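Take a look at the structure below.
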Amino acid sequence: MRKRVLDVAEESFQARGYHASSIGDLMAAAGVTGGALHHHFPTKKALALAVIEERVASAVEETWIAPVQLAGSAREGVRMVFEAVAAELESQGFVRGCPLNNLAHELSLADPEFRMALAGIFSAWRQAIADKARADRQAGGDGGIDPEHFAALAVAVYSGAMAMAKTAQDAGVLRDCLNALEQGASPASRGGAKRRRRVLLRPGTL
């Protein structure tokens, strides 16, 4: 029953948003009574925190952290994730957006506990990419990449790409943004090479 409620809440929060998902609607969709729901989740906030901590965190782990850790390099891992997500979205025919971004946009200013839970997932995501880039450097590869800067850039580009893809309902935006990430700047931008060096090179190497 707990799993069923989480399944319904996760789906509703992503499709409609937290604030637009009433407890009554969630109970009806899950086929549970108010007493049964409140036994597992005393409040709607407790249910949302469980969705964030169990479902959204797991999605980031499965989609991003594990693939990057298993990849040959941080760059390769990031590229593989972008391409895999784009292919999946094209296959399903619509873009709902990044689960973490969707809730972060809606809930980060609504409650400090929501903000902290969401920030923790972003932090773990960035740290996984940075750790992989750091390991690459120690192994003698990608020596010019600053791990923390590269991780922040990868997460920011993906987050923005998913937001744009959701708005346009076009997964191709992910590939466009991947190309820009790998080049360090948009092809149309002037001075892109200098910006790329500032972002990707280690401090003190300029």
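Here, A, B, ... name the chains of the structure tokens in the order displayed, residue numbers run from 1 inside each chain, and ligands are numbered from 1 in the same displayed order.
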Check: Hey, what's within 10 Å of A:Ala74 if we count only C-alpha atoms and toss same-chain stuff fewer than 5 positions away? As a PyMOL selection string, please?
Finding: chain A and resi 67-69+79-80+128-137+142+145+147+150-151+154
For those residues, write C-alpha atoms to a file as an mmCIF file, in the first residue's frame.
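Full text of result_9.cif as output:
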data_model
loop_
_atom_site.group_PDB
_atom_site.id
_atom_site.type_symbol
_atom_site.label_atom_id
_atom_site.label_comp_id
_atom_site.auth_asym_id
_atom_site.auth_seq_id
_atom_site.Cartn_x
_atom_site.Cartn_y
_atom_site.Cartn_z
ATOM 1 C CA PRO A 67 26.155 5.524 -15.473
ATOM 2 C CA VAL A 68 28.802 8.194 -14.884
ATOM 3 C CA GLN A 69 30.570 6.045 -12.301
ATOM 4 C CA ARG A 79 27.684 12.271 -23.105
ATOM 5 C CA MET A 80 26.119 8.822 -22.692
ATOM 6 C CA ALA A 128 29.501 12.060 -8.483
ATOM 7 C CA ILE A 129 30.534 13.793 -11.705
ATOM 8 C CA ALA A 130 33.319 15.702 -9.943
ATOM 9 C CA ASP A 131 34.641 12.522 -8.321
ATOM 10 C CA LYS A 132 34.734 10.784 -11.693
ATOM 11 C CA ALA A 133 36.526 13.719 -13.322
ATOM 12 C CA ARG A 134 38.984 13.781 -10.435
ATOM 13 C CA ALA A 135 39.662 10.066 -10.857
ATOM 14 C CA ASP A 136 40.210 10.642 -14.592
ATOM 15 C CA ARG A 137 42.800 13.294 -13.824
ATOM 16 C CA ASP A 142 41.478 14.795 -19.056
ATOM 17 C CA ILE A 145 39.380 19.635 -16.557
ATOM 18 C CA PRO A 147 36.353 18.527 -11.646
ATOM 19 C CA PHE A 150 32.922 20.574 -15.019
ATOM 20 C CA ALA A 151 30.374 18.920 -12.712
ATOM 21 C CA ALA A 154 27.208 19.491 -16.737
#
Item checked: Surrounding residues of A:Arg16 excluding itself and chain neighbours under 6 positions, 12 Å, only C-alpha atoms, as an MDAnalysis selection string -> chainID A and resid 8:10 22 25:26 96 99 102:103 106
Prev. selection, N, CA, C and O atoms, output as a CSV table (one decimal), in the first residue's frame:
chain,number,residue,atom,x,y,z
A,8,VAL,N,1.5,6.7,-7.0
A,8,VAL,CA,0.5,7.7,-7.5
A,8,VAL,C,1.0,9.1,-7.2
A,8,VAL,O,0.8,10.0,-8.1
A,9,ALA,N,1.6,9.3,-6.0
A,9,ALA,CA,2.0,10.7,-5.7
A,9,ALA,C,3.2,11.1,-6.6
A,9,ALA,O,3.2,12.3,-7.1
A,10,GLU,N,4.1,10.2,-6.9
A,10,GLU,CA,5.2,10.6,-7.8
A,10,GLU,C,4.7,11.0,-9.2
A,10,GLU,O,5.1,12.0,-9.7
A,22,SER,N,-4.3,17.1,-4.9
A,22,SER,CA,-5.0,17.1,-3.6
A,22,SER,C,-4.9,15.7,-2.9
A,22,SER,O,-4.7,14.7,-3.6
A,25,ASP,N,-7.5,13.5,-4.3
A,25,ASP,CA,-7.2,12.9,-5.6
A,25,ASP,C,-6.2,11.8,-5.5
A,25,ASP,O,-6.4,10.7,-6.2
A,26,LEU,N,-5.2,11.9,-4.6
A,26,LEU,CA,-4.2,10.9,-4.5
A,26,LEU,C,-4.9,9.6,-3.8
A,26,LEU,O,-4.5,8.5,-4.2
A,96,ARG,N,8.3,15.3,-20.2
A,96,ARG,CA,7.7,15.7,-18.9
A,96,ARG,C,8.7,16.6,-18.1
A,96,ARG,O,8.3,17.3,-17.2
A,99,PRO,N,12.6,15.1,-13.2
A,99,PRO,CA,11.8,15.1,-11.9
A,99,PRO,C,12.4,16.0,-10.8
A,99,PRO,O,11.6,16.6,-10.1
A,102,ASN,N,11.6,19.7,-11.8
A,102,ASN,CA,10.2,20.0,-11.7
A,102,ASN,C,9.9,20.4,-10.3
A,102,ASN,O,9.2,21.4,-10.0
A,103,LEU,N,10.3,19.5,-9.3
A,103,LEU,CA,10.0,19.8,-7.9
A,103,LEU,C,10.8,20.9,-7.4
A,103,LEU,O,10.3,21.7,-6.5
A,106,GLU,N,9.2,24.2,-8.1
A,106,GLU,CA,7.9,24.4,-7.4
A,106,GLU,C,8.1,24.5,-5.9
A,106,GLU,O,7.4,25.3,-5.3
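Considering the residues A:Ala15, A:Val5, A:Ala163, A:Arg75 and counting only C-alpha atoms, A:Phe41 has its shortest atom-to-atom contact with A:Val5.
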Check: If you count only C-alpha atoms, which residues fall within 9 Å of A:Gly34, apart from same-chain ones fewer than 4 positions away, as a list in words?
Finding: Ile23, Gly24, Met27, His38 and His39 of chain A
Store the residues of this selection in a file with N, CA, C and O atoms, as a PDB file, in the first residue's frame.
ATOM      1  N   ILE A  23      -4.947  15.706  -1.622  1.00  0.00           N
ATOM      2  CA  ILE A  23      -4.924  14.430  -0.910  1.00  0.00           C
ATOM      3  C   ILE A  23      -6.090  13.557  -1.367  1.00  0.00           C
ATOM      4  O   ILE A  23      -5.959  12.341  -1.543  1.00  0.00           O
ATOM      5  N   GLY A  24      -7.244  14.166  -1.578  1.00  0.00           N
ATOM      6  CA  GLY A  24      -8.398  13.415  -2.043  1.00  0.00           C
ATOM      7  C   GLY A  24      -8.156  12.753  -3.384  1.00  0.00           C
ATOM      8  O   GLY A  24      -8.514  11.582  -3.586  1.00  0.00           O
ATOM      9  N   MET A  27      -5.729   9.828  -2.850  1.00  0.00           N
ATOM     10  CA  MET A  27      -6.410   8.693  -2.226  1.00  0.00           C
ATOM     11  C   MET A  27      -7.242   7.933  -3.259  1.00  0.00           C
ATOM     12  O   MET A  27      -7.215   6.700  -3.318  1.00  0.00           O
ATOM     13  N   HIS A  38      -2.827   8.118   5.823  1.00  0.00           N
ATOM     14  CA  HIS A  38      -2.199   8.838   6.928  1.00  0.00           C
ATOM     15  C   HIS A  38      -1.421   7.929   7.866  1.00  0.00           C
ATOM     16  O   HIS A  38      -0.564   8.400   8.615  1.00  0.00           O
ATOM     17  N   HIS A  39      -1.691   6.645   7.810  1.00  0.00           N
ATOM     18  CA  HIS A  39      -0.881   5.700   8.591  1.00  0.00           C
ATOM     19  C   HIS A  39       0.562   5.719   8.106  1.00  0.00           C
ATOM     20  O   HIS A  39       1.500   5.639   8.901  1.00  0.00           O
TER      21      HIS A  39
END
Checklist line | Counting only C-alpha atoms, the option among A:Trp64, A:His105, A:Glu90, A:His40 closest to A:Gly17 | finding: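 Ranked by minimum distance to A:Gly17, first place goes to A:His105.
Of the listed residues A:Ile121, A:Ala171, A:Leu49, A:Leu153, the one whose atoms come nearest to A:Gln92 is A:Ala171, with distances taken using only C-alpha atoms.
For the set A:Tyr18, A:Phe94, A:Phe13, A:Phe82, the residue with the smallest atom-to-atom gap to A:Leu174 is A:Phe82, counting only C-alpha atoms.
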Notebook entry, point to check: Which value, in Å to one decimal, gives the distance between atom CA of A:Val155 and atom CA of A:Ala20?
Noted result: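 Separation of atom CA of A:Val155 and atom CA of A:Ala20: 27.5 Å.
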